[in-house]
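So this block is input15.cif, mmCIF, C-alpha atoms:
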```cif
data_my_file
#
loop_
_atom_site.label_atom_id
_atom_site.label_comp_id
_atom_site.auth_asym_id
_atom_site.auth_seq_id
_atom_site.Cartn_x
_atom_site.Cartn_y
_atom_site.Cartn_z
CA MET A 1 72.92 34.66 -8.52
CA THR A 2 70.70 36.61 -6.18
CA VAL A 3 67.79 35.18 -4.22
CA GLN A 4 65.36 36.93 -6.59
CA MET A 5 66.79 35.23 -9.67
CA LEU A 6 66.78 31.86 -7.96
CA SER A 7 63.16 32.30 -6.87
CA ILE A 8 62.05 33.17 -10.40
CA ILE A 9 63.80 30.07 -11.74
CA GLY A 10 62.27 28.03 -8.94
CA ALA A 11 58.78 29.33 -9.70
CA VAL A 12 59.13 28.57 -13.40
CA VAL A 13 60.44 25.06 -12.73
CA ALA A 14 57.69 24.42 -10.15
CA VAL A 15 54.88 25.27 -12.55
CA ALA A 16 56.48 23.79 -15.66
CA VAL A 17 57.52 20.44 -14.20
CA GLY A 18 54.66 20.24 -11.75
CA SER A 19 51.96 20.46 -14.39
CA ILE A 20 53.32 17.61 -16.54
CA SER A 21 52.00 14.70 -14.56
CA PRO A 22 48.60 16.24 -13.66
CA ALA A 23 48.11 16.96 -17.37
CA LEU A 24 48.88 13.36 -18.31
CA ALA A 25 46.70 12.06 -15.50
CA GLU A 26 43.76 14.28 -16.43
CA GLY A 27 44.08 13.17 -20.03
CA ARG A 28 43.96 9.54 -19.01
CA ALA A 29 40.99 10.13 -16.72
CA VAL A 30 39.00 11.94 -19.40
CA ALA A 31 39.88 9.30 -22.01
CA ALA A 32 38.76 6.49 -19.71
CA THR A 33 35.49 8.29 -18.96
CA MET A 34 34.87 8.90 -22.65
CA GLU A 35 35.35 5.22 -23.31
CA GLY A 36 32.99 4.35 -20.51
CA ILE A 37 30.32 6.74 -21.79
CA ALA A 38 30.72 5.40 -25.33
CA ARG A 39 30.20 1.85 -24.10
CA GLN A 40 27.40 2.71 -21.70
CA PRO A 41 25.70 5.99 -22.55
CA GLU A 42 23.09 5.58 -19.80
CA ALA A 43 25.83 5.82 -17.16
CA ALA A 44 26.98 9.21 -18.47
CA ASP A 45 25.44 11.10 -15.56
CA SER A 46 27.19 9.36 -12.71
CA LEU A 47 30.38 8.93 -14.74
CA SER A 48 30.73 12.63 -15.43
CA ARG A 49 30.02 13.48 -11.80
CA THR A 50 32.77 11.12 -10.68
CA LEU A 51 35.01 12.50 -13.41
CA PHE A 52 34.59 16.04 -12.12
CA VAL A 53 35.48 15.05 -8.57
CA GLY A 54 38.45 13.04 -9.80
CA LEU A 55 39.68 15.84 -12.03
CA ALA A 56 39.47 18.22 -9.10
CA MET A 57 41.60 15.85 -7.03
CA ILE A 58 44.20 15.49 -9.79
CA GLU A 59 44.19 19.20 -10.45
CA THR A 60 45.06 19.88 -6.82
CA MET A 61 48.65 18.79 -7.53
CA ALA A 62 49.01 21.45 -10.23
CA ILE A 63 47.36 24.02 -7.97
CA TYR A 64 49.88 23.23 -5.22
CA CYS A 65 52.71 23.87 -7.68
CA LEU A 66 51.09 27.17 -8.65
CA LEU A 67 50.84 28.07 -4.97
CA VAL A 68 54.53 27.31 -4.40
CA ALA A 69 55.37 29.47 -7.41
CA LEU A 70 53.23 32.31 -6.07
CA ILE A 71 54.82 32.09 -2.63
CA LEU A 72 58.26 32.18 -4.26
CA LEU A 73 57.33 35.23 -6.32
CA PHE A 74 55.22 37.29 -3.94
CA ALA A 75 55.76 36.11 -0.39
CA ASN A 76 59.33 34.83 -0.48
CA PRO A 77 60.62 34.69 3.10
CA PHE A 78 64.28 34.83 1.98
CA ALA A 79 64.13 37.80 -0.39
CA ARG A 80 63.96 40.66 2.08
CA MET B 81 52.44 42.90 -11.69
CA ASN B 82 52.94 44.91 -8.57
CA HIS B 83 49.92 43.63 -6.67
CA SER B 84 50.51 40.32 -4.94
CA PRO B 85 47.56 37.89 -5.12
CA LEU B 86 48.40 36.63 -1.66
CA GLN B 87 47.75 40.02 -0.07
CA THR B 88 44.46 41.85 0.19
CA ALA B 89 43.77 45.44 -0.71
CA ILE B 90 42.53 47.40 2.30
CA LEU B 91 39.84 49.89 1.33
CA PHE B 92 39.15 51.68 4.62
CA HIS B 93 39.17 51.20 8.39
CA VAL B 94 36.22 50.93 10.77
CA GLY B 95 37.80 51.83 14.10
CA ILE B 96 40.86 49.58 14.15
CA VAL B 97 39.30 46.88 11.94
CA PRO B 98 40.60 47.03 8.38
CA ILE B 99 37.91 46.45 5.77
CA SER B 100 39.27 44.86 2.59
CA ARG B 101 37.85 44.95 -0.90
CA THR B 102 36.93 41.27 -0.56
CA VAL B 103 34.74 41.92 2.46
CA VAL B 104 32.93 44.78 0.75
CA THR B 105 32.29 42.64 -2.35
CA THR B 106 31.12 39.68 -0.27
CA TRP B 107 28.69 41.81 1.73
CA GLY B 108 27.42 43.36 -1.49
CA LEU B 109 26.84 39.90 -2.96
CA MET B 110 25.11 38.78 0.22
CA ALA B 111 22.81 41.78 0.09
CA VAL B 112 22.03 41.22 -3.59
CA LEU B 113 21.36 37.50 -3.08
CA SER B 114 19.23 38.04 0.02
CA VAL B 115 17.10 40.76 -1.56
CA ALA B 116 16.77 38.77 -4.79
CA SER B 117 15.67 35.60 -2.98
CA TRP B 118 13.27 37.59 -0.82
CA ILE B 119 11.70 39.24 -3.87
CA VAL B 120 11.48 35.99 -5.84
CA THR B 121 10.14 33.83 -3.01
CA ARG B 122 7.70 36.48 -1.74
CA SER B 123 4.83 35.51 -4.01
CA PHE B 124 4.93 31.78 -4.75
CA ARG B 125 1.88 30.43 -6.52
CA VAL B 126 0.80 26.99 -7.68
CA ASP B 127 0.89 28.02 -11.34
CA ALA B 128 4.52 29.06 -11.51
CA GLY B 129 5.57 32.20 -13.35
CA GLY B 130 8.93 32.69 -15.04
CA TRP B 131 11.06 33.55 -12.01
CA GLN B 132 9.43 30.96 -9.81
CA ALA B 133 9.98 28.27 -12.44
CA MET B 134 13.66 29.23 -12.66
CA VAL B 135 14.15 29.10 -8.89
CA GLU B 136 12.30 25.79 -8.67
CA THR B 137 14.48 24.34 -11.45
CA VAL B 138 17.68 25.40 -9.68
CA VAL B 139 16.59 24.10 -6.27
CA ALA B 140 15.23 20.84 -7.68
CA GLY B 141 18.44 20.37 -9.68
CA ILE B 142 20.64 20.83 -6.61
CA GLU B 143 18.39 18.51 -4.60
CA GLU B 144 18.57 15.85 -7.31
CA GLN B 145 22.39 16.01 -7.39
CA ILE B 146 22.65 15.72 -3.59
CA THR B 147 20.23 12.79 -3.53
CA ALA B 148 22.18 11.03 -6.28
CA LEU B 149 25.46 11.51 -4.38
CA LEU B 150 24.29 10.63 -0.89
CA ASN B 151 21.60 8.03 -1.68
CA ARG B 152 19.31 9.53 0.94
CA ASP B 153 16.91 12.40 1.54
CA ALA B 154 18.59 15.68 0.62
CA ALA B 155 16.40 17.88 2.85
CA PRO B 156 18.82 18.32 5.82
CA PHE B 157 21.72 19.25 3.53
CA LEU B 158 19.92 21.35 0.96
CA PRO B 159 20.10 24.72 2.82
CA LEU B 160 23.87 24.61 3.35
CA LEU B 161 24.93 23.05 0.04
CA GLY B 162 22.42 24.98 -2.07
CA THR B 163 23.49 28.28 -0.52
CA LEU B 164 27.13 27.33 -0.99
CA PHE B 165 26.60 26.56 -4.67
CA ILE B 166 24.53 29.65 -5.47
CA PHE B 167 26.91 31.93 -3.57
CA LEU B 168 29.94 30.40 -5.31
CA VAL B 169 28.40 30.77 -8.76
CA VAL B 170 27.66 34.44 -8.13
CA ALA B 171 31.00 35.06 -6.41
CA ASN B 172 33.04 33.38 -9.15
CA LEU B 173 31.18 35.12 -11.94
CA CYS B 174 31.02 38.62 -10.46
CA GLY B 175 34.61 39.17 -11.59
CA ILE B 176 33.21 39.74 -15.10
CA VAL B 177 31.48 42.92 -13.97
CA PRO B 178 33.90 45.80 -14.55
CA GLY B 179 35.34 47.20 -11.33
CA VAL B 180 34.41 44.15 -9.25
CA THR B 181 36.99 41.55 -8.20
CA ALA B 182 35.72 38.07 -7.45
CA PRO B 183 35.94 37.56 -3.67
CA THR B 184 37.02 33.93 -4.25
CA ALA B 185 40.15 35.23 -6.01
CA SER B 186 41.66 36.23 -2.66
CA ILE B 187 42.63 33.60 -0.18
CA GLU B 188 40.30 34.43 2.75
CA THR B 189 36.96 33.67 1.16
CA PRO B 190 37.82 30.13 -0.01
CA ALA B 191 39.50 29.49 3.34
CA ALA B 192 36.39 30.60 5.22
CA LEU B 193 34.10 28.50 3.01
CA ALA B 194 36.35 25.46 3.44
CA ALA B 195 36.28 26.01 7.22
CA ILE B 196 32.47 26.05 7.07
CA VAL B 197 32.53 22.74 5.16
CA PHE B 198 35.05 21.31 7.65
CA LEU B 199 32.83 22.18 10.62
CA SER B 200 29.62 21.06 8.95
CA VAL B 201 31.11 17.61 8.27
CA HIS B 202 31.43 17.09 12.03
CA PHE B 203 28.07 18.75 12.72
CA TYR B 204 26.13 16.51 10.34
CA GLY B 205 28.19 13.46 11.29
CA VAL B 206 27.42 13.86 14.99
CA ARG B 207 23.79 14.71 14.30
CA MET B 208 23.14 11.75 12.00
CA GLN B 209 25.23 9.05 13.67
CA GLY B 210 25.59 10.23 17.26
CA LEU B 211 28.94 11.17 18.80
CA GLY B 212 30.12 7.59 19.34
CA GLY B 213 29.08 6.38 15.92
CA TYR B 214 30.73 9.34 14.26
CA LEU B 215 34.01 8.93 16.14
CA LYS B 216 33.96 5.21 15.36
CA GLY B 217 34.08 6.16 11.69
CA TYR B 218 37.67 7.32 12.22
CA LEU B 219 38.73 3.83 13.25
CA LYS B 220 37.59 2.33 9.95
CA PRO B 221 38.76 0.29 8.17
CA ASN B 222 41.39 -0.35 10.84
CA PRO B 223 42.41 1.48 14.05
CA VAL B 224 45.90 1.83 12.55
CA MET B 225 44.39 4.27 10.05
CA LEU B 226 43.38 6.77 12.76
CA PRO B 227 46.25 9.26 12.21
CA PHE B 228 45.76 9.12 8.46
CA ASN B 229 42.02 9.73 8.76
CA ILE B 230 42.64 12.78 10.95
CA LEU B 231 45.36 14.02 8.61
CA SER B 232 43.12 13.60 5.57
CA GLU B 233 40.40 15.66 7.29
CA LEU B 234 42.83 18.57 7.52
CA THR B 235 44.57 18.25 4.17
CA ARG B 236 41.37 17.89 2.18
CA THR B 237 40.00 21.05 3.78
CA PHE B 238 43.20 22.86 2.87
CA SER B 239 43.15 21.57 -0.69
CA LEU B 240 39.45 22.48 -1.02
CA ALA B 241 40.30 26.10 -0.24
CA MET B 242 43.47 26.12 -2.35
CA ARG B 243 41.74 24.63 -5.39
CA LEU B 244 39.07 27.31 -5.52
CA PHE B 245 41.54 30.10 -4.78
CA GLY B 246 44.13 28.89 -7.28
CA ASN B 247 41.70 28.42 -10.13
CA ILE B 248 39.82 31.69 -9.82
CA MET B 249 42.89 33.76 -8.98
CA SER B 250 44.99 32.32 -11.82
CA GLU B 251 42.14 32.91 -14.24
CA GLU B 252 41.88 36.56 -13.23
CA MET B 253 45.65 36.94 -13.37
CA ALA B 254 45.81 35.37 -16.85
CA VAL B 255 43.18 37.82 -18.10
CA ALA B 256 45.10 40.71 -16.52
CA ILE B 257 48.37 39.63 -18.15
CA ILE B 258 46.75 39.20 -21.57
CA LEU B 259 45.08 42.58 -21.18
CA ALA B 260 48.43 44.17 -20.43
CA MET B 261 49.95 42.54 -23.53
CA ALA B 262 47.20 42.71 -26.14
CA GLY B 263 44.56 45.23 -25.09
CA LEU B 264 41.19 45.38 -26.80
CA LEU B 265 39.03 42.30 -27.65
CA VAL B 266 41.83 39.72 -27.28
CA PRO B 267 41.04 38.89 -23.60
CA ILE B 268 37.37 38.18 -24.39
CA PRO B 269 37.82 34.44 -25.22
CA PHE B 270 39.82 34.07 -22.02
CA MET B 271 37.09 35.80 -20.04
CA ALA B 272 34.54 33.43 -21.63
CA PHE B 273 36.76 30.55 -20.54
CA GLY B 274 36.82 32.17 -17.09
CA ILE B 275 33.02 31.89 -16.93
CA LEU B 276 33.31 28.16 -17.61
CA VAL B 277 36.05 27.78 -14.99
CA GLY B 278 34.00 29.70 -12.43
CA LEU B 279 30.92 27.54 -12.97
CA VAL B 280 32.92 24.29 -12.93
CA GLN B 281 34.78 25.31 -9.76
CA ALA B 282 31.50 26.22 -8.02
CA TYR B 283 30.14 22.81 -9.01
CA ILE B 284 33.29 20.98 -7.90
CA PHE B 285 33.40 22.79 -4.56
CA SER B 286 29.75 21.92 -3.87
CA VAL B 287 30.16 18.30 -4.99
CA LEU B 288 33.26 17.86 -2.84
CA ALA B 289 31.47 19.43 0.14
CA THR B 290 28.62 16.95 -0.45
CA VAL B 291 31.06 14.05 -0.69
CA PHE B 292 32.86 15.09 2.52
CA ILE B 293 29.57 15.46 4.38
CA GLY B 294 28.49 12.11 2.94
CA GLY B 295 31.69 10.58 4.31
CA GLY B 296 31.00 12.21 7.67
CA ILE B 297 27.48 10.80 7.95
CA GLY B 298 28.57 7.39 6.68
CA ALA B 299 26.51 7.54 3.49
CA ILE B 300 29.64 7.27 1.37
CA LYS B 301 32.35 4.80 2.25
CA LYS B 302 35.65 6.55 2.69
#
```

Give the structure from this file in structure tokens form.
Amino acid sequence: MTVQMLSIIGAVVAVAVGSISPALAEGRAVAATMEGIARQPEAADSLSRTLFVGLAMIETMAIYCLLVALILLFANPFAR
Amino acid sequence: MNHSPLQTAILFHVGIVPISRTVVTTWGLMAVLSVASWIVTRSFRVDAGGWQAMVETVVAGIEEQITALLNRDAAPFLPLLGTLFIFLVVANLCGIVPGVTAPTASIETPAALAAIVFLSVHFYGVRMQGLGGYLKGYLKPNPVMLPFNILSELTRTFSLAMRLFGNIMSEEMAVAIILAMAGLLVPIPFMAFGILVGLVQAYIFSVLATVFIGGGIGAIKK
């Protein structure tokens, strides 16, 4: 296998595996916020603000995986 | 896909300084925003007209959000955070205009904005708490946490830039790939989703900048 083939496989695995746990975590966060809003609709404003910040934090993990995939595909230091 | 998203397209050179497409777009946006704000704010009256009412709604909305996050007067932070939010909304959404690439879709613009946020955290922290009080904040809750506090300053700035870049760039790339596969009309729902992503990312970037500044001035417990 050449370095190019390995990098493509690496990029695919990085994005595919790396987005599993952020997806689960975001689902849990949204579900918990929904429950909170359903119980206490007057807290919806501050809850959704906190939710957005939290989702951004969780999403960072998936974005890092995307970045690793991009570096493997476009700026691979070994495939020269 | 022959164009790497990690590289920037150079349009022309001024002397030895290369001018990229991103820089041209950013300066264009700055010109548009400056002229638009000058025109709108030129003739403010007590009985607000349509444009004035819109501007007042936007500014009051941003001020309300900052006050709710920081639990204190938003006036010192409003210029920076309001400009950041308005610029990000326009910059994220200008990719819809044919022939224009969103400047936040290349890595320099988010990195520069995150660097501005990074520096302003220290600026506001020192200004509000004094140098000693601000530096003491790094020793909380325990002096053992000092390396971690410093490390988190750096990593959160990095992730702030990467989050904006990754979201906007991947959105544009997804639209480009779908366009290459399916052509007419099919990319439109994805572009509509891109508008949502752009607005949400502008909001998230501004909220996180507010939270970081709030941590720096001690309004929000880290």

Review point. A:Ile20, A:Val68, A:Ile63, A:Ile37: which is nearest chain B, counting all atoms listed in the file?
Key: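 Closest to chain B of all the choices is A:Ile63.
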
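The nearest approach to chain B among the residues A:Thr60, A:Thr2, A:Ser21, A:Thr33, with only C-alpha atoms taken into account, belongs to A:Thr60.
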
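If you look at atom CA of Cys65 of chain A and atom CA of Ile9 of chain A, they are 13.3 Å away from each other.
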
Practice item. Using all atoms listed in the file, find which residues of chain A lie within 12 Å of chain B and jot them down as an MDAnalysis selection string. Key: chainID A and resid 45:76

Exercise for review: Counting all atoms listed in the file, figure out which residue out of B:Val126, B:Val103, B:Val266, B:Leu211 gets nearest to Ala89 of chain B.
Suggested key: B:Val103

**Study point:** Two-atom distance - atom CA of Ile146 of chain B, atom CA of Trp118 of chain B (Å)
**Key:**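 Going from atom CA of Ile146 of chain B over to atom CA of Trp118 of chain B, I get 24.0 Å.
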
**Study point:** Distance query segment 160-174 of chain B at most 9 Å, all atoms listed in the file, self and fewer than 2 positions along chain excluded, as a PyMOL selection string
**Key:** chain B and resi 105-106+109-110+113+138-139+142-143+146+156-158+176-178+180-185+193+200+248+274-275+277-283+285-287+289-290

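The space between atom CA of Gly205 of chain B and atom CA of Glu233 of chain B spans 13.0 Å.
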
Check your understanding: Written as a ChimeraX atom specification, what is the full residue list that the PyMOL selection byres ((chain B and resi 204) around 10) yields on the file shown?
Key -> /B:156-157,199-203,205-210,214,293-294,296-297

Who sits within 12 Å of Leu234 of chain B, all atoms listed in the file, same chain under 2 positions skipped, as a short mmCIF file (atom, residue, chain, number, x, y, z; two decimals) with C-alpha atoms, in the frame of the given file:
```cif
data_model
loop_
_atom_site.label_atom_id
_atom_site.label_comp_id
_atom_site.auth_asym_id
_atom_site.auth_seq_id
_atom_site.Cartn_x
_atom_site.Cartn_y
_atom_site.Cartn_z
CA ALA B 194 36.35 25.46 3.44
CA ALA B 195 36.28 26.01 7.22
CA VAL B 197 32.53 22.74 5.16
CA PHE B 198 35.05 21.31 7.65
CA LEU B 199 32.83 22.18 10.62
CA VAL B 201 31.11 17.61 8.27
CA PRO B 227 46.25 9.26 12.21
CA PHE B 228 45.76 9.12 8.46
CA ASN B 229 42.02 9.73 8.76
CA ILE B 230 42.64 12.78 10.95
CA LEU B 231 45.36 14.02 8.61
CA SER B 232 43.12 13.60 5.57
CA ARG B 236 41.37 17.89 2.18
CA THR B 237 40.00 21.05 3.78
CA PHE B 238 43.20 22.86 2.87
CA SER B 239 43.15 21.57 -0.69
CA LEU B 240 39.45 22.48 -1.02
CA ALA B 241 40.30 26.10 -0.24
CA PHE B 292 32.86 15.09 2.52
#
```

Practice item. For Phe124 of chain B, list every protein, DNA or RNA residue within 12 Å, evaluated using only C-alpha atoms, and leave out those in the same chain fewer than 6 positions away; present the list as an NGL selection string. Key: :B and (117-118 or 130-133 or 135-136)

For the selection you just gave me, I'd like the residues written to a file as a tab-separated table (two decimals), keeping the file's coordinate frame, keeping C-alpha atoms.
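File result.tsv, as written:
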```
chain	number	residue	atom	x	y	z
B	117	SER	CA	15.67	35.60	-2.98
B	118	TRP	CA	13.27	37.59	-0.82
B	130	GLY	CA	8.93	32.69	-15.04
B	131	TRP	CA	11.06	33.55	-12.01
B	132	GLN	CA	9.43	30.96	-9.81
B	133	ALA	CA	9.98	28.27	-12.44
B	135	VAL	CA	14.15	29.10	-8.89
B	136	GLU	CA	12.30	25.79	-8.67
```

Atoms added to segment 46-62 of chain A (N, CA and C atoms), reported as a PDB file, in the frame of the given file:
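Final output, saved to result_29.pdb:
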```pdb
ATOM      1  N   SER A  46      26.367   9.638 -13.887  1.00  0.00           N
ATOM      2  CA  SER A  46      27.190   9.360 -12.710  1.00  0.00           C
ATOM      3  C   SER A  46      28.666   9.338 -13.082  1.00  0.00           C
ATOM      4  N   LEU A  47      28.979   8.933 -14.322  1.00  0.00           N
ATOM      5  CA  LEU A  47      30.380   8.930 -14.740  1.00  0.00           C
ATOM      6  C   LEU A  47      30.939  10.342 -14.769  1.00  0.00           C
ATOM      7  N   SER A  48      30.170  11.283 -15.330  1.00  0.00           N
ATOM      8  CA  SER A  48      30.730  12.630 -15.430  1.00  0.00           C
ATOM      9  C   SER A  48      30.827  13.279 -14.065  1.00  0.00           C
ATOM     10  N   ARG A  49      29.907  12.926 -13.152  1.00  0.00           N
ATOM     11  CA  ARG A  49      30.020  13.480 -11.800  1.00  0.00           C
ATOM     12  C   ARG A  49      31.297  12.977 -11.129  1.00  0.00           C
ATOM     13  N   THR A  50      31.538  11.671 -11.251  1.00  0.00           N
ATOM     14  CA  THR A  50      32.770  11.120 -10.680  1.00  0.00           C
ATOM     15  C   THR A  50      33.989  11.699 -11.354  1.00  0.00           C
ATOM     16  N   LEU A  51      33.879  11.921 -12.679  1.00  0.00           N
ATOM     17  CA  LEU A  51      35.010  12.500 -13.410  1.00  0.00           C
ATOM     18  C   LEU A  51      35.359  13.870 -12.871  1.00  0.00           C
ATOM     19  N   PHE A  52      34.326  14.691 -12.609  1.00  0.00           N
ATOM     20  CA  PHE A  52      34.590  16.040 -12.120  1.00  0.00           C
ATOM     21  C   PHE A  52      35.307  16.004 -10.776  1.00  0.00           C
ATOM     22  N   VAL A  53      34.830  15.146  -9.881  1.00  0.00           N
ATOM     23  CA  VAL A  53      35.480  15.050  -8.570  1.00  0.00           C
ATOM     24  C   VAL A  53      36.918  14.570  -8.736  1.00  0.00           C
ATOM     25  N   GLY A  54      37.104  13.565  -9.597  1.00  0.00           N
ATOM     26  CA  GLY A  54      38.450  13.040  -9.800  1.00  0.00           C
ATOM     27  C   GLY A  54      39.380  14.059 -10.413  1.00  0.00           C
ATOM     28  N   LEU A  55      38.858  14.802 -11.402  1.00  0.00           N
ATOM     29  CA  LEU A  55      39.680  15.840 -12.030  1.00  0.00           C
ATOM     30  C   LEU A  55      40.079  16.896 -11.008  1.00  0.00           C
ATOM     31  N   ALA A  56      39.141  17.233 -10.128  1.00  0.00           N
ATOM     32  CA  ALA A  56      39.470  18.220  -9.100  1.00  0.00           C
ATOM     33  C   ALA A  56      40.598  17.723  -8.215  1.00  0.00           C
ATOM     34  N   MET A  57      40.542  16.422  -7.872  1.00  0.00           N
ATOM     35  CA  MET A  57      41.600  15.850  -7.030  1.00  0.00           C
ATOM     36  C   MET A  57      42.950  15.903  -7.750  1.00  0.00           C
ATOM     37  N   ILE A  58      42.937  15.516  -9.043  1.00  0.00           N
ATOM     38  CA  ILE A  58      44.200  15.490  -9.790  1.00  0.00           C
ATOM     39  C   ILE A  58      44.740  16.910  -9.934  1.00  0.00           C
ATOM     40  N   GLU A  59      43.806  17.820 -10.200  1.00  0.00           N
ATOM     41  CA  GLU A  59      44.190  19.200 -10.450  1.00  0.00           C
ATOM     42  C   GLU A  59      44.849  19.835  -9.233  1.00  0.00           C
ATOM     43  N   THR A  60      44.498  19.321  -8.050  1.00  0.00           N
ATOM     44  CA  THR A  60      45.060  19.880  -6.820  1.00  0.00           C
ATOM     45  C   THR A  60      46.585  19.896  -6.861  1.00  0.00           C
ATOM     46  N   MET A  61      47.180  18.845  -7.451  1.00  0.00           N
ATOM     47  CA  MET A  61      48.650  18.790  -7.530  1.00  0.00           C
ATOM     48  C   MET A  61      49.184  20.019  -8.281  1.00  0.00           C
ATOM     49  N   ALA A  62      48.556  20.306  -9.445  1.00  0.00           N
ATOM     50  CA  ALA A  62      49.010  21.450 -10.230  1.00  0.00           C
ATOM     51  C   ALA A  62      48.777  22.744  -9.470  1.00  0.00           C
TER      52      ALA A  62
END
```
